[in-house]
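Reviewing the structure listed below.
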Amino acid sequence: MPCHDADVLPYTAYLRVYEPVTAFPEPARTLWTAYADSRRRPRRIHALAAEHTEAKRRLASSPPVVVPEHESRDGYVRRSNDTIYVCPWETRLRSWLAHSRFRRETPSRLADFCVPETVSRQAEASFERWRRAEPRPLQPHILSSNWHVPLAWFVLFTAQERCLMLGEKKPRVLETPNGPSALGEPDMRSAAMASGQRTLIYVTSMGEARARVEAALPIVRVQDDDTFDKFGLSSSDLEELARWLGAFAPDALLELDYGGLVHLLDDGTLTADESAAELSVALAATARRERELSVAMY
């Protein structure tokens, strides 16, 4: 894990599912409803920093605490058409999954140097106990990606659903002939304006996201020249994404947040970044067997 200045967020992008509070069973439904109205909960503009600070505090202890003892009671909150949507942080579950991935993908000697073997074994044992006691799909509401946004994530969104804030008084929303998307637009604008922060976010409905994955899958599957795979997009990526989306309420909202990645790019690059639109063109060109246009869009 790279070290960061205290004021700089990790260079990580996030894909979040916000479910309506009515999708949660009791007593979670009542708890999340009260949480949304609480003045003590971390506000959106501070949430990433709060998560990062908590993680640094745990990892800086001796020995490091790779997984918190209890699950987080915090979450991201959105409101749309008088409906409250919540995306739980699920810090404990996400830490377990991240630790498992770290152990799989890192040479054992290096992994043991970063996290003592005894600590790793304790984390693995506690995860196994939790899985036996909680027979639920391991589908956290938040996916993360370090240093880049996976191409498959862009399949879920369109240019109309993009909102860019460069720290100005007004958010810069990518306009199209049909105008900006109405979905979540007041919330996106108010969040960006209230923060005054550097932010790039896409928001769409779960129904739209699932439909776009379903439409893209046959296009990617029929390729026999590895056009997509060589650029980092495969049918297995989309199938895995579809399975993840299928674990949540059909009336949920989906958010792609560039997170700390916005600090790696200058204003001009962020403004010119139309990745979702370009991938959409690439898919359409591939469906028409226009290989040159498809490759150019990548």
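We name chains A, B, ... following the order of the structure tokens; residues begin at 1 in each chain, and ligands are numbered from 1 as shown.
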
- All residues 6 Å or closer to segment 73-75 of chain A, only C-alpha atoms, same chain fewer than 5 positions away omitted, as number ranges by chain: A: 87-89

Write the selection just made, keeping N, CA and C atoms, as a short mmCIF file (atom, residue, chain, number, x, y, z; two decimals), in the first residue's frame?
data_model
loop_
_atom_site.label_atom_id
_atom_site.label_comp_id
_atom_site.auth_asym_id
_atom_site.auth_seq_id
_atom_site.Cartn_x
_atom_site.Cartn_y
_atom_site.Cartn_z
N CYS A 87 -25.72 3.47 1.06
CA CYS A 87 -24.64 2.58 0.65
C CYS A 87 -23.77 2.32 1.88
N PRO A 88 -23.97 1.21 2.57
CA PRO A 88 -23.18 0.93 3.77
C PRO A 88 -21.68 0.84 3.47
N TRP A 89 -20.87 1.33 4.39
CA TRP A 89 -19.42 1.24 4.19
C TRP A 89 -18.95 -0.21 4.22
#

Please identify every residue of segment 49-76 of chain A that has at least one atom no farther than 9 Å from an atom of segment 114-122 of chain A, counting only C-alpha atoms, and for each give the shortest atom pair and the distance in Å to one decimal, arranged by chain then increasing number, as JSON lines.
{"residue": "A:Pro63", "atom": "CA", "partner": "A:Val119", "partner_atom": "CA", "distance": 7.5}
{"residue": "A:Pro64", "atom": "CA", "partner": "A:Val115", "partner_atom": "CA", "distance": 7.1}
{"residue": "A:Val65", "atom": "CA", "partner": "A:Val119", "partner_atom": "CA", "distance": 7.7}
{"residue": "A:Val66", "atom": "CA", "partner": "A:Val119", "partner_atom": "CA", "distance": 7.8}

- Message: For segment 69-72 of chain A, find every residue with an atom within 10 Å (counting only C-alpha atoms), except residues of its own chain fewer than 4 positions away, and show them as a ChimeraX atom specification.
- Response: /A:51,65,88-94,123,126

Mind writing the picked residues with N, CA and C atoms as an mmCIF file, in the first residue's frame?
data_model
loop_
_atom_site.group_PDB
_atom_site.id
_atom_site.type_symbol
_atom_site.label_atom_id
_atom_site.label_comp_id
_atom_site.auth_asym_id
_atom_site.auth_seq_id
_atom_site.Cartn_x
_atom_site.Cartn_y
_atom_site.Cartn_z
ATOM 1 N N GLU A 51 -12.942 7.420 6.232
ATOM 2 C CA GLU A 51 -12.589 6.017 6.007
ATOM 3 C C GLU A 51 -11.073 5.839 5.935
ATOM 4 N N VAL A 65 -3.781 -3.816 12.543
ATOM 5 C CA VAL A 65 -5.130 -4.386 12.577
ATOM 6 C C VAL A 65 -5.669 -4.338 11.156
ATOM 7 N N PRO A 88 -23.969 1.205 2.566
ATOM 8 C CA PRO A 88 -23.175 0.926 3.775
ATOM 9 C C PRO A 88 -21.683 0.837 3.469
ATOM 10 N N TRP A 89 -20.865 1.334 4.388
ATOM 11 C CA TRP A 89 -19.417 1.242 4.192
ATOM 12 C C TRP A 89 -18.946 -0.213 4.216
ATOM 13 N N GLU A 90 -19.499 -1.011 5.129
ATOM 14 C CA GLU A 90 -19.117 -2.426 5.258
ATOM 15 C C GLU A 90 -17.596 -2.580 5.326
ATOM 16 N N THR A 91 -16.981 -1.765 6.156
ATOM 17 C CA THR A 91 -15.522 -1.734 6.235
ATOM 18 C C THR A 91 -14.939 -3.092 6.620
ATOM 19 N N ARG A 92 -15.591 -3.798 7.529
ATOM 20 C CA ARG A 92 -15.054 -5.089 7.978
ATOM 21 C C ARG A 92 -15.067 -6.117 6.833
ATOM 22 N N LEU A 93 -16.202 -6.244 6.161
ATOM 23 C CA LEU A 93 -16.300 -7.181 5.052
ATOM 24 C C LEU A 93 -15.317 -6.825 3.947
ATOM 25 N N ARG A 94 -15.248 -5.561 3.583
ATOM 26 C CA ARG A 94 -14.337 -5.144 2.520
ATOM 27 C C ARG A 94 -12.880 -5.359 2.913
ATOM 28 N N ALA A 123 -6.839 -13.010 10.933
ATOM 29 C CA ALA A 123 -7.847 -12.403 10.063
ATOM 30 C C ALA A 123 -8.574 -13.471 9.257
ATOM 31 N N SER A 126 -10.974 -15.392 11.592
ATOM 32 C CA SER A 126 -12.174 -14.629 11.936
ATOM 33 C C SER A 126 -13.117 -14.518 10.743
#

- Item | Shortest interatomic distance to Phe231 of chain A - which of A:Asp257, A:Leu15, A:Val203, A:Met297, counting only C-alpha atoms |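 So, comparing all the options, the nearest one is A:Met297.
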
- Query: Mind checking DSSP for segment 21-262 of chain A and telling me the helix (DSSP H, G or I) residues as a ChimeraX atom specification?
  - Reply: /A:21-23,28-36,44-60,91-105,108-114,117-133,151-154,159-161,185-195,206-221,229-231,235-245,259-262

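Proximity ranking of A:Gly207, A:Leu265, A:Tyr202, A:Thr158 relative to Val281 of chain A places A:Thr158 first, based on only C-alpha atoms.
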
- Task: Name the residues of segment 1-98 of chain A that come out as strand (DSSP E or B) in a backbone DSSP run; write them as a list in words.
- Result: Thr12, Ala13, Tyr14, Leu15, Arg16, Val17, Tyr18, Glu19, Pro20, Gly75, Tyr76, Val77, Arg78, Arg79, Ser80, Thr83, Ile84, Tyr85, Val86, Cys87 and Pro88 of chain A

- Query: Quick one: distance from atom CA of Leu261 of chain A to atom CA of Pro10 of chain A in Å, one decimal?
  - Reply: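 Pair atom CA of Leu261 of chain A / atom CA of Pro10 of chain A returns 7.8 Å.
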
Neighbour list for Arg78 of chain A as a JSON list (two decimals) with C-alpha atoms, in the first residue's frame, cut-off 8 Å, only C-alpha atoms, skip fewer than 6 positions in-chain:
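So the final result, stored in around00.json, reads:
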[["chain", "number", "residue", "atom", "x", "y", "z"],
["A", 18, "TYR", "CA", -27.18, 2.78, -2.96],
["A", 84, "ILE", "CA", -33.57, 7.71, 1.14],
["A", 85, "TYR", "CA", -30.82, 5.59, -0.42],
["A", 86, "VAL", "CA", -27.97, 4.11, 1.60],
["A", 187, "ASP", "CA", -28.18, 15.62, -5.51]]
